[in-house]
$ cat target.pdb   # PDB, C-alpha atoms and all ligand atoms
ATOM      1  CA  MET A   1     122.770  27.111 119.868
ATOM      2  CA  LEU A   2     120.889  29.845 121.825
ATOM      3  CA  LYS A   3     119.686  29.017 125.312
ATOM      4  CA  LEU A   4     117.865  31.233 127.766
ATOM      5  CA  ASP A   5     117.526  29.970 131.324
ATOM      6  CA  ASN A   6     114.995  31.500 133.672
ATOM      7  CA  VAL A   7     115.395  34.997 132.208
ATOM      8  CA  SER A   8     113.411  37.674 134.036
ATOM      9  CA  LYS A   9     113.238  41.440 133.695
ATOM     10  CA  LEU A  10     111.369  43.909 135.876
ATOM     11  CA  PHE A  11     111.174  47.631 135.099
ATOM     12  CA  ASN A  12     110.890  50.267 137.827
ATOM     13  CA  PRO A  13     110.935  47.741 140.681
ATOM     14  CA  GLY A  14     109.189  48.821 143.851
ATOM     15  CA  SER A  15     107.564  51.874 142.221
ATOM     16  CA  PRO A  16     103.924  52.353 141.202
ATOM     17  CA  ASP A  17     105.155  51.966 137.604
ATOM     18  CA  GLU A  18     106.601  48.506 138.234
ATOM     19  CA  LYS A  19     106.276  46.339 135.103
ATOM     20  CA  ILE A  20     107.117  42.686 134.749
ATOM     21  CA  ALA A  21     108.503  42.464 131.221
ATOM     22  CA  LEU A  22     109.833  38.888 131.328
ATOM     23  CA  LEU A  23     109.104  36.200 133.858
ATOM     24  CA  GLY A  24     111.321  33.120 134.009
ATOM     25  CA  ILE A  25     111.752  32.635 130.267
ATOM     26  CA  ASP A  26     113.283  29.291 129.269
ATOM     27  CA  LEU A  27     113.959  29.001 125.560
ATOM     28  CA  GLU A  28     116.273  26.788 123.578
ATOM     29  CA  LEU A  29     116.910  27.197 119.854
ATOM     30  CA  SER A  30     118.715  24.651 117.715
ATOM     31  CA  ALA A  31     121.055  25.761 114.941
ATOM     32  CA  GLY A  32     119.036  26.766 111.889
ATOM     33  CA  ASP A  33     115.740  27.231 113.753
ATOM     34  CA  PHE A  34     113.566  30.030 112.374
ATOM     35  CA  VAL A  35     111.199  31.035 115.167
ATOM     36  CA  THR A  36     108.382  33.552 114.775
ATOM     37  CA  ILE A  37     107.146  35.367 117.901
ATOM     38  CA  ILE A  38     103.729  36.902 118.375
ATOM     39  CA  GLY A  39     101.943  38.181 121.444
ATOM     40  CA  SER A  40      99.792  40.828 123.013
ATOM     41  CA  ASN A  41     100.825  44.422 123.643
ATOM     42  CA  GLY A  42     103.500  44.626 126.316
ATOM     43  CA  ALA A  43     103.999  40.830 126.316
ATOM     44  CA  GLY A  44     107.785  41.246 126.493
ATOM     45  CA  LYS A  45     108.758  40.533 122.875
ATOM     46  CA  SER A  46     111.031  43.570 122.429
ATOM     47  CA  THR A  47     112.538  43.090 125.878
ATOM     48  CA  LEU A  48     113.412  39.523 124.905
ATOM     49  CA  MET A  49     115.168  40.771 121.746
ATOM     50  CA  ASN A  50     116.932  43.489 123.753
ATOM     51  CA  ILE A  51     118.229  40.968 126.263
ATOM     52  CA  ILE A  52     119.507  38.593 123.580
ATOM     53  CA  SER A  53     121.225  41.422 121.677
ATOM     54  CA  GLY A  54     122.733  42.882 124.862
ATOM     55  CA  VAL A  55     120.873  46.218 124.849
ATOM     56  CA  MET A  56     119.760  45.366 128.383
ATOM     57  CA  LYS A  57     120.709  42.853 131.033
ATOM     58  CA  PRO A  58     118.238  40.492 132.675
ATOM     59  CA  ASP A  59     117.639  40.856 136.414
ATOM     60  CA  LEU A  60     117.743  37.094 136.711
ATOM     61  CA  GLY A  61     118.776  34.244 134.490
ATOM     62  CA  GLU A  62     121.335  33.606 131.827
ATOM     63  CA  ALA A  63     121.677  33.742 128.038
ATOM     64  CA  ARG A  64     124.101  31.367 126.324
ATOM     65  CA  ILE A  65     125.308  30.889 122.771
ATOM     66  CA  GLU A  66     126.829  27.474 122.039
ATOM     67  CA  GLY A  67     127.029  26.847 125.788
ATOM     68  CA  SER A  68     128.990  30.017 126.631
ATOM     69  CA  SER A  69     127.352  32.712 128.692
ATOM     70  CA  ILE A  70     126.939  36.013 126.859
ATOM     71  CA  SER A  71     125.402  37.764 129.864
ATOM     72  CA  ASN A  72     128.506  39.872 130.494
ATOM     73  CA  LEU A  73     129.115  40.846 126.895
ATOM     74  CA  ALA A  74     128.048  44.339 125.826
ATOM     75  CA  GLU A  75     125.943  44.882 122.721
ATOM     76  CA  TYR A  76     128.934  45.802 120.533
ATOM     77  CA  GLN A  77     130.790  42.662 121.666
ATOM     78  CA  ARG A  78     127.843  40.472 120.650
ATOM     79  CA  ALA A  79     127.484  42.190 117.279
ATOM     80  CA  ARG A  80     129.854  39.689 115.740
ATOM     81  CA  TRP A  81     127.478  36.810 116.512
ATOM     82  CA  ILE A  82     124.152  38.586 116.454
ATOM     83  CA  GLY A  83     122.645  40.541 113.555
ATOM     84  CA  ARG A  84     119.508  42.594 114.099
ATOM     85  CA  VAL A  85     117.025  44.401 111.876
ATOM     86  CA  PHE A  86     114.604  46.863 113.471
ATOM     87  CA  GLN A  87     111.128  48.036 112.511
ATOM     88  CA  ASP A  88     112.360  51.524 111.679
ATOM     89  CA  PRO A  89     114.154  51.499 108.305
ATOM     90  CA  MET A  90     116.245  54.429 109.626
ATOM     91  CA  ALA A  91     117.616  52.371 112.508
ATOM     92  CA  GLY A  92     119.999  49.933 110.865
ATOM     93  CA  THR A  93     121.933  52.194 108.509
ATOM     94  CA  ALA A  94     123.851  55.504 108.553
ATOM     95  CA  PRO A  95     121.882  57.950 106.330
ATOM     96  CA  HIS A  96     124.724  60.367 105.595
ATOM     97  CA  MET A  97     127.031  57.623 104.392
ATOM     98  CA  THR A  98     126.889  55.927 100.996
ATOM     99  CA  ILE A  99     125.683  52.374 100.392
ATOM    100  CA  GLU A 100     129.265  51.140  99.995
ATOM    101  CA  GLU A 101     130.407  52.927 103.183
ATOM    102  CA  ASN A 102     127.538  51.350 105.106
ATOM    103  CA  LEU A 103     128.476  47.934 103.760
ATOM    104  CA  ALA A 104     132.137  48.507 104.654
ATOM    105  CA  MET A 105     131.025  49.220 108.213
ATOM    106  CA  ALA A 106     128.995  45.997 108.330
ATOM    107  CA  TYR A 107     131.898  44.066 106.785
ATOM    108  CA  LYS A 108     134.310  45.336 109.418
ATOM    109  CA  ARG A 109     132.064  44.081 112.201
ATOM    110  CA  GLY A 110     133.012  40.514 111.434
ATOM    111  CA  GLN A 111     136.733  41.111 111.042
ATOM    112  CA  ASN A 112     139.655  41.327 113.417
ATOM    113  CA  ARG A 113     140.447  44.696 114.924
ATOM    114  CA  GLY A 114     142.881  46.800 112.966
ATOM    115  CA  LEU A 115     141.610  45.967 109.502
ATOM    116  CA  SER A 116     140.830  49.076 107.532
ATOM    117  CA  PHE A 117     137.323  50.354 107.221
ATOM    118  CA  GLY A 118     137.801  51.586 103.647
ATOM    119  CA  VAL A 119     136.311  50.554 100.315
ATOM    120  CA  ASN A 120     138.758  49.129  97.806
ATOM    121  CA  ALA A 121     138.213  47.559  94.387
ATOM    122  CA  SER A 122     137.888  43.974  95.622
ATOM    123  CA  ARG A 123     135.470  44.929  98.376
ATOM    124  CA  ARG A 124     133.479  46.960  95.893
ATOM    125  CA  THR A 125     133.138  43.844  93.732
ATOM    126  CA  LEU A 126     131.999  41.856  96.759
ATOM    127  CA  PHE A 127     129.489  44.552  97.746
ATOM    128  CA  ARG A 128     128.128  44.717  94.199
ATOM    129  CA  GLU A 129     127.776  40.930  94.133
ATOM    130  CA  GLN A 130     125.927  40.838  97.449
ATOM    131  CA  LEU A 131     123.673  43.770  96.573
ATOM    132  CA  SER A 132     122.694  42.209  93.275
ATOM    133  CA  LYS A 133     121.224  39.249  95.202
ATOM    134  CA  LEU A 134     118.607  41.631  96.603
ATOM    135  CA  GLY A 135     117.308  42.069  93.066
ATOM    136  CA  ILE A 136     116.356  45.748  93.438
ATOM    137  CA  GLY A 137     119.216  47.425  91.571
ATOM    138  CA  LEU A 138     121.176  48.718  94.571
ATOM    139  CA  GLU A 139     124.356  47.263  93.057
ATOM    140  CA  ASN A 140     124.266  50.149  90.566
ATOM    141  CA  ARG A 141     123.997  52.777  93.303
ATOM    142  CA  LEU A 142     127.030  52.057  95.470
ATOM    143  CA  ARG A 143     127.810  55.737  95.959
ATOM    144  CA  ALA A 144     124.252  56.881  96.663
ATOM    145  CA  LYS A 145     123.637  58.261 100.143
ATOM    146  CA  VAL A 146     121.537  55.803 102.131
ATOM    147  CA  GLY A 147     119.282  58.630 103.363
ATOM    148  CA  LEU A 148     117.966  58.929  99.795
ATOM    149  CA  LEU A 149     116.738  55.324  99.590
ATOM    150  CA  SER A 150     113.099  54.347 100.058
ATOM    151  CA  GLY A 151     112.030  52.549 103.253
ATOM    152  CA  GLY A 152     111.934  49.185 101.471
ATOM    153  CA  GLU A 153     115.363  49.701  99.898
ATOM    154  CA  ARG A 154     116.820  50.679 103.252
ATOM    155  CA  GLN A 155     115.281  47.676 104.943
ATOM    156  CA  ALA A 156     116.726  45.378 102.245
ATOM    157  CA  LEU A 157     120.142  46.979 102.826
ATOM    158  CA  SER A 158     119.728  46.622 106.623
ATOM    159  CA  LEU A 159     118.956  42.939 106.152
ATOM    160  CA  LEU A 160     122.043  42.475 104.006
ATOM    161  CA  MET A 161     124.197  44.391 106.510
ATOM    162  CA  ALA A 162     122.859  42.408 109.469
ATOM    163  CA  THR A 163     123.706  39.125 107.755
ATOM    164  CA  PHE A 164     126.825  40.148 105.847
ATOM    165  CA  THR A 165     129.237  38.358 108.144
ATOM    166  CA  GLN A 166     127.010  35.304 108.649
ATOM    167  CA  PRO A 167     125.994  35.912 112.289
ATOM    168  CA  GLN A 168     125.032  32.920 114.420
ATOM    169  CA  ILE A 169     121.745  34.540 115.342
ATOM    170  CA  LEU A 170     119.513  36.895 113.389
ATOM    171  CA  LEU A 171     116.978  39.017 115.291
ATOM    172  CA  LEU A 172     114.150  40.537 113.272
ATOM    173  CA  ASP A 173     112.124  43.047 115.235
ATOM    174  CA  GLU A 174     108.904  43.656 113.252
ATOM    175  CA  HIS A 175     111.199  44.470 110.365
ATOM    176  CA  THR A 176     108.429  44.588 107.749
ATOM    177  CA  ALA A 177     105.833  46.444 109.845
ATOM    178  CA  ALA A 178     106.645  49.964 108.657
ATOM    179  CA  LEU A 179     106.513  49.095 104.955
ATOM    180  CA  ASP A 180     103.638  49.136 102.495
ATOM    181  CA  PRO A 181     102.283  45.644 101.652
ATOM    182  CA  SER A 182     104.240  45.111  98.433
ATOM    183  CA  ARG A 183     107.548  46.216  99.968
ATOM    184  CA  ALA A 184     106.799  44.163 103.092
ATOM    185  CA  GLU A 185     106.296  41.128 100.873
ATOM    186  CA  LEU A 186     109.593  41.783  99.086
ATOM    187  CA  ILE A 187     111.483  42.028 102.392
ATOM    188  CA  THR A 188     109.731  38.883 103.645
ATOM    189  CA  LYS A 189     110.841  36.973 100.545
ATOM    190  CA  LEU A 190     114.407  38.280 100.874
ATOM    191  CA  THR A 191     114.406  37.292 104.524
ATOM    192  CA  GLU A 192     113.293  33.764 103.695
ATOM    193  CA  SER A 193     115.946  33.313 101.024
ATOM    194  CA  ILE A 194     118.806  34.791 103.097
ATOM    195  CA  VAL A 195     117.858  32.747 106.175
ATOM    196  CA  ARG A 196     117.571  29.580 104.077
ATOM    197  CA  GLU A 197     120.772  30.132 102.129
ATOM    198  CA  MET A 198     122.885  31.039 105.177
ATOM    199  CA  LYS A 199     121.083  28.575 107.487
ATOM    200  CA  LEU A 200     120.729  31.346 110.070
ATOM    201  CA  THR A 201     119.202  30.729 113.471
ATOM    202  CA  THR A 202     116.487  33.365 113.462
ATOM    203  CA  LEU A 203     114.002  34.957 115.846
ATOM    204  CA  MET A 204     111.375  37.161 114.234
ATOM    205  CA  VAL A 205     108.812  39.284 116.089
ATOM    206  CA  THR A 206     105.761  40.038 113.983
ATOM    207  CA  HIS A 207     102.221  41.350 114.385
ATOM    208  CA  ASN A 208     101.173  39.641 111.198
ATOM    209  CA  MET A 209      99.532  36.358 112.229
ATOM    210  CA  ASP A 210      99.561  34.939 108.741
ATOM    211  CA  GLN A 211     103.272  35.717 108.358
ATOM    212  CA  ALA A 212     103.976  34.144 111.757
ATOM    213  CA  ILE A 213     102.284  30.929 110.652
ATOM    214  CA  ARG A 214     103.733  30.895 107.158
ATOM    215  CA  LEU A 215     107.385  31.558 107.982
ATOM    216  CA  GLY A 216     109.869  29.482 109.911
ATOM    217  CA  ASN A 217     109.759  26.112 111.622
ATOM    218  CA  ARG A 218     108.501  27.142 115.058
ATOM    219  CA  LEU A 219     106.032  29.673 116.447
ATOM    220  CA  ILE A 220     106.036  31.123 119.954
ATOM    221  CA  MET A 221     103.263  33.123 121.565
ATOM    222  CA  MET A 222     103.946  35.416 124.496
ATOM    223  CA  ASP A 223     101.644  36.981 127.056
ATOM    224  CA  LYS A 224     102.482  39.008 130.169
ATOM    225  CA  GLY A 225     106.184  38.173 130.146
ATOM    226  CA  SER A 226     105.794  34.430 129.581
ATOM    227  CA  ILE A 227     105.870  32.039 126.651
ATOM    228  CA  ILE A 228     102.382  30.542 126.708
ATOM    229  CA  LEU A 229     102.373  28.620 123.420
ATOM    230  CA  ASP A 230     105.188  26.967 121.526
ATOM    231  CA  PHE A 231     104.325  25.223 118.234
ATOM    232  CA  ASP A 232     106.924  23.002 116.617
ATOM    233  CA  GLU A 233     107.085  22.456 112.863
ATOM    234  CA  SER A 234     104.541  19.653 112.723
ATOM    235  CA  ARG A 235     101.931  21.483 114.842
ATOM    236  CA  LYS A 236     102.593  24.739 113.036
ATOM    237  CA  LYS A 237     101.915  23.148 109.664
ATOM    238  CA  ASP A 238      98.213  22.748 110.387
ATOM    239  CA  LEU A 239      97.699  26.089 112.123
ATOM    240  CA  THR A 240      95.249  28.719 110.957
ATOM    241  CA  VAL A 241      94.889  32.266 112.293
ATOM    242  CA  GLU A 242      91.528  31.306 113.860
ATOM    243  CA  ARG A 243      92.987  28.287 115.662
ATOM    244  CA  LEU A 244      95.964  30.290 116.845
ATOM    245  CA  LEU A 245      93.746  33.020 118.315
ATOM    246  CA  GLY A 246      91.449  30.363 119.842
ATOM    247  CA  GLU A 247      94.350  28.570 121.543
ATOM    248  CA  PHE A 248      95.698  31.867 122.833
ATOM    249  CA  GLU A 249      92.321  32.710 124.355
ATOM    250  CA  ALA A 250      91.925  29.268 125.915
ATOM    251  CA  ILE A 251      95.320  29.378 127.614
ATOM    252  CA  SER A 252      95.582  33.050 128.575
ATOM    253  CA  GLY A 253      91.917  33.455 129.515
ATOM    254  CA  HIS A 254      91.598  36.636 127.440
ATOM    255  CA  LYS A 255      91.507  37.749 123.818
ATOM    256  CA  LEU A 256      94.765  38.672 122.136
ATOM    257  CA  ALA A 257      95.076  42.440 122.499
ATOM    258  CA  ASP A 258      97.463  43.709 119.892
ATOM    259  CA  ASP A 259      96.984  47.201 118.456
ATOM    260  CA  ARG A 260      99.004  46.350 115.397
ATOM    261  CA  MET A 261      97.659  42.856 114.808
ATOM    262  CA  MET A 262      97.248  41.906 111.165
ATOM    263  CA  LEU A 263      95.345  38.771 110.393
ATOM    264  CA  GLY A 264      96.858  38.212 106.995
TER     265      GLY A 264
HETATM  266  N1  LIG B   1     112.421  50.920 129.323
HETATM  267  C1  LIG B   1     111.297  50.575 129.931
HETATM  268  N2  LIG B   1     110.920  51.157 131.084
HETATM  269  C2  LIG B   1     109.788  50.799 131.720
HETATM  270  N3  LIG B   1     108.948  49.832 131.279
HETATM  271  C3  LIG B   1     109.257  49.225 130.142
HETATM  272  C4  LIG B   1     110.441  49.557 129.384
HETATM  273  N4  LIG B   1     110.481  48.784 128.285
HETATM  274  C5  LIG B   1     109.379  47.993 128.321
HETATM  275  N5  LIG B   1     108.655  48.256 129.419
HETATM  276  C6  LIG B   1     107.419  47.580 129.828
HETATM  277  O1  LIG B   1     107.687  46.191 129.857
HETATM  278  C7  LIG B   1     106.608  45.438 129.322
HETATM  279  C8  LIG B   1     107.094  44.636 128.107
HETATM  280  O2  LIG B   1     107.396  45.558 127.056
HETATM  281  P1  LIG B   1     107.898  45.110 125.608
HETATM  282  O3  LIG B   1     108.178  46.374 124.859
HETATM  283  O4  LIG B   1     108.981  44.134 125.748
HETATM  284  O5  LIG B   1     106.601  44.397 125.042
HETATM  285  P2  LIG B   1     106.227  44.002 123.531
HETATM  286  O6  LIG B   1     105.686  42.627 123.590
HETATM  287  O7  LIG B   1     107.368  44.257 122.633
HETATM  288  O8  LIG B   1     105.045  45.024 123.259
HETATM  289  P3  LIG B   1     104.455  45.674 121.914
HETATM  290  O9  LIG B   1     104.025  44.556 121.038
HETATM  291  O10 LIG B   1     103.303  46.448 122.433
HETATM  292  O11 LIG B   1     105.541  46.505 121.321
HETATM  293  C9  LIG B   1     105.532  46.467 128.978
HETATM  294  O12 LIG B   1     104.649  46.534 130.066
HETATM  295  C10 LIG B   1     106.298  47.762 128.820
HETATM  296  O13 LIG B   1     105.476  48.875 129.151
END
$ encode --input "target.pdb" --output "structure tokens"
Amino acid sequence: MLKLDNVSKLFNPGSPDEKIALLGIDLELSAGDFVTIIGSNGAGKSTLMNIISGVMKPDLGEARIEGSSISNLAEYQRARWIGRVFQDPMAGTAPHMTIEENLAMAYKRGQNRGLSFGVNASRRTLFREQLSKLGIGLENRLRAKVGLLSGGERQALSLLMATFTQPQILLLDEHTAALDPSRAELITKLTESIVREMKLTTLMVTHNMDQAIRLGNRLIMMDKGSIILDFDESRKKDLTVERLLGEFEAISGHKLADDRMMLG
């Protein structure tokens, strides 16, 4: 499904600020995999997401979806196959537009060019139907401006918009980190049910160790631009936060340094 071959990224090459963000990353995801990613500060997690989504190009290496290279496709060209939810609830939606206008925008992303961007009665029914699955009453607020929603409501809407057209890959970039614990739990539950129902191939960066262990069928740990641990479903099943941190220390030779680390 998604394959990265020898992907490397260096920032500010040749300057005193040179930073190796990714170093020869090889990663292969099968359809329907739900992979959680944890790692120390500056390990390269966001850079990895940015390279897959097309925000930046790798210096070396290749990204492929279903065997076809996506390296030359710009971010907007990949948007049809790749949905993304960011940490900042403000990032995925347009605050001055209404809920239904935001959904119309997301809907259009998966359609052929030329189709209208408007909201008609049948689309409104579809939007209402989809929103009601979130279970937080947004289906009754179609004409509310998105800027008026709470962080949790916006993040639920972002999740729906990112998955509206059934992308092949869903990227979740610490998408619950800015929310209070109860809202974070709600978004986590919604994420699990949407991913399961749509069988989405998913990569989720998180600083919450417990969440990383609990969710998905594979867990990857990054350090200094490399993948240093890769637990498949059977190994992940028996993991605890203590064991995970112990294995990280044994392999990397240092303690996991993560400012935002949450143990559970
Ligand atoms: N645009 C940029 N210009 C220069 N250096 C960058 C840029 N983006 C990232 N870096 C550097 O590349 C390395 C990897 O950064 P990245 O943001 O991918 O790490 P991360 O694992 O997401 O970190 P964190 O968990 O702290 O957010 C870091 O050393 C970072 O300082």
$ resolve_selection --input "target.pdb" --expression "the PyMOL selection byres (((not hetatm)) within 7 of (chain B and resi 1))" --output "list in words"
Phe11, Asn12, Lys19, Ile20, Ala21, Gly39, Ser40, Asn41, Gly42, Ala43, Gly44, Lys45, Ser46, Thr47, Leu48, Gly225 and Asp258 of chain A
$ closest_residue --input "target.pdb" --among "A:Glu18, A:Asp173, A:Glu62, A:Asp33" --to "Thr206 (chain A)" --atoms "all atoms listed in the file"
A:Asp173
$ resolve_selection --input "target.pdb" --expression "the PyMOL selection byres (((chain A and resi 187) around 12) and not hetatm)" --output "compact mmCIF listing (two decimals) with C-alpha atoms, in the frame of the given file"
# COMPACT_ATOMS: atom_id res chain seq x y z
CA VAL A 85 117.02 44.40 111.88
CA GLN A 87 111.13 48.04 112.51
CA PRO A 89 114.15 51.50 108.30
CA LEU A 134 118.61 41.63 96.60
CA GLY A 135 117.31 42.07 93.07
CA ILE A 136 116.36 45.75 93.44
CA GLY A 151 112.03 52.55 103.25
CA GLY A 152 111.93 49.18 101.47
CA GLU A 153 115.36 49.70 99.90
CA ARG A 154 116.82 50.68 103.25
CA GLN A 155 115.28 47.68 104.94
CA ALA A 156 116.73 45.38 102.24
CA LEU A 157 120.14 46.98 102.83
CA SER A 158 119.73 46.62 106.62
CA LEU A 159 118.96 42.94 106.15
CA LEU A 160 122.04 42.48 104.01
CA LEU A 172 114.15 40.54 113.27
CA GLU A 174 108.90 43.66 113.25
CA HIS A 175 111.20 44.47 110.36
CA THR A 176 108.43 44.59 107.75
CA ALA A 177 105.83 46.44 109.84
CA ALA A 178 106.64 49.96 108.66
CA LEU A 179 106.51 49.10 104.96
CA ASP A 180 103.64 49.14 102.50
CA PRO A 181 102.28 45.64 101.65
CA SER A 182 104.24 45.11 98.43
CA ARG A 183 107.55 46.22 99.97
CA ALA A 184 106.80 44.16 103.09
CA GLU A 185 106.30 41.13 100.87
CA LEU A 186 109.59 41.78 99.09
CA THR A 188 109.73 38.88 103.64
CA LYS A 189 110.84 36.97 100.54
CA LEU A 190 114.41 38.28 100.87
CA THR A 191 114.41 37.29 104.52
CA GLU A 192 113.29 33.76 103.70
CA SER A 193 115.95 33.31 101.02
CA ILE A 194 118.81 34.79 103.10
CA VAL A 195 117.86 32.75 106.18
CA GLN A 211 103.27 35.72 108.36
$ closest_residue --input "target.pdb" --among "A:Leu10, A:Ile169, A:Ala144, A:Ile25" --to "Leu200 (chain A)" --atoms "all atoms listed in the file"
A:Ile169
$ closest_residue --input "target.pdb" --among "A:Gln130, A:Thr36, A:Thr202, A:Thr163" --to "Met1 (chain A)" --atoms "all atoms listed in the file"
A:Thr202
$ residues_around --input "target.pdb" --residues "Ile251 (chain A)" --least-positions-apart "5" --cutoff "12 Å" --atoms "all atoms listed in the file" --output "PDB file with C-alpha atoms, in the frame of the given file"
ATOM      1  CA  MET A 221     103.263  33.123 121.565  1.00  0.00           C
ATOM      2  CA  MET A 222     103.946  35.416 124.496  1.00  0.00           C
ATOM      3  CA  ASP A 223     101.644  36.981 127.056  1.00  0.00           C
ATOM      4  CA  SER A 226     105.794  34.430 129.581  1.00  0.00           C
ATOM      5  CA  ILE A 227     105.870  32.039 126.651  1.00  0.00           C
ATOM      6  CA  ILE A 228     102.382  30.542 126.708  1.00  0.00           C
ATOM      7  CA  LEU A 229     102.373  28.620 123.420  1.00  0.00           C
ATOM      8  CA  ASP A 230     105.188  26.967 121.526  1.00  0.00           C
ATOM      9  CA  LEU A 244      95.964  30.290 116.845  1.00  0.00           C
ATOM     10  CA  LEU A 245      93.746  33.020 118.315  1.00  0.00           C
ATOM     11  CA  GLY A 246      91.449  30.363 119.842  1.00  0.00           C
ATOM     12  CA  LEU A 256      94.765  38.672 122.136  1.00  0.00           C
TER      13      LEU A 256
END
$ resolve_selection --input "target.pdb" --expression "the PyMOL selection byres (((chain A and resi 99) around 7) and not hetatm)" --output "list in words"
Met97, Thr98, Glu100, Glu101, Asn102, Leu103, Leu142, Arg143, Ala144, Lys145 and Val146 of chain A
$ write_last_selection --input "target.pdb" --atoms "C-alpha atoms" --output "PDB file, in the frame of the given file"
ATOM      1  CA  MET A  97     127.031  57.623 104.392  1.00  0.00           C
ATOM      2  CA  THR A  98     126.889  55.927 100.996  1.00  0.00           C
ATOM      3  CA  GLU A 100     129.265  51.140  99.995  1.00  0.00           C
ATOM      4  CA  GLU A 101     130.407  52.927 103.183  1.00  0.00           C
ATOM      5  CA  ASN A 102     127.538  51.350 105.106  1.00  0.00           C
ATOM      6  CA  LEU A 103     128.476  47.934 103.760  1.00  0.00           C
ATOM      7  CA  LEU A 142     127.030  52.057  95.470  1.00  0.00           C
ATOM      8  CA  ARG A 143     127.810  55.737  95.959  1.00  0.00           C
ATOM      9  CA  ALA A 144     124.252  56.881  96.663  1.00  0.00           C
ATOM     10  CA  LYS A 145     123.637  58.261 100.143  1.00  0.00           C
ATOM     11  CA  VAL A 146     121.537  55.803 102.131  1.00  0.00           C
TER      12      VAL A 146
END
$ atom_distance --input "target.pdb" --atom1 "CA of Gly32 (chain A)" --atom2 "CA of Met261 (chain A)"
26.9 Å
$ residues_around --input "target.pdb" --residues "His207 (chain A)" --least-positions-apart "5" --cutoff "7 Å" --atoms "all atoms listed in the file" --output "VMD selection string"
chain A and resid 38 260 to 262
$ atom_distance --input "target.pdb" --atom1 "CA of Ala104 (chain A)" --atom2 "CA of Ile51 (chain A)"
26.8 Å
$ closest_residue --input "target.pdb" --among "A:Leu263, A:Leu2, A:Met204, A:Met105" --to "Met161 (chain A)" --atoms "all atoms listed in the file"
A:Met105
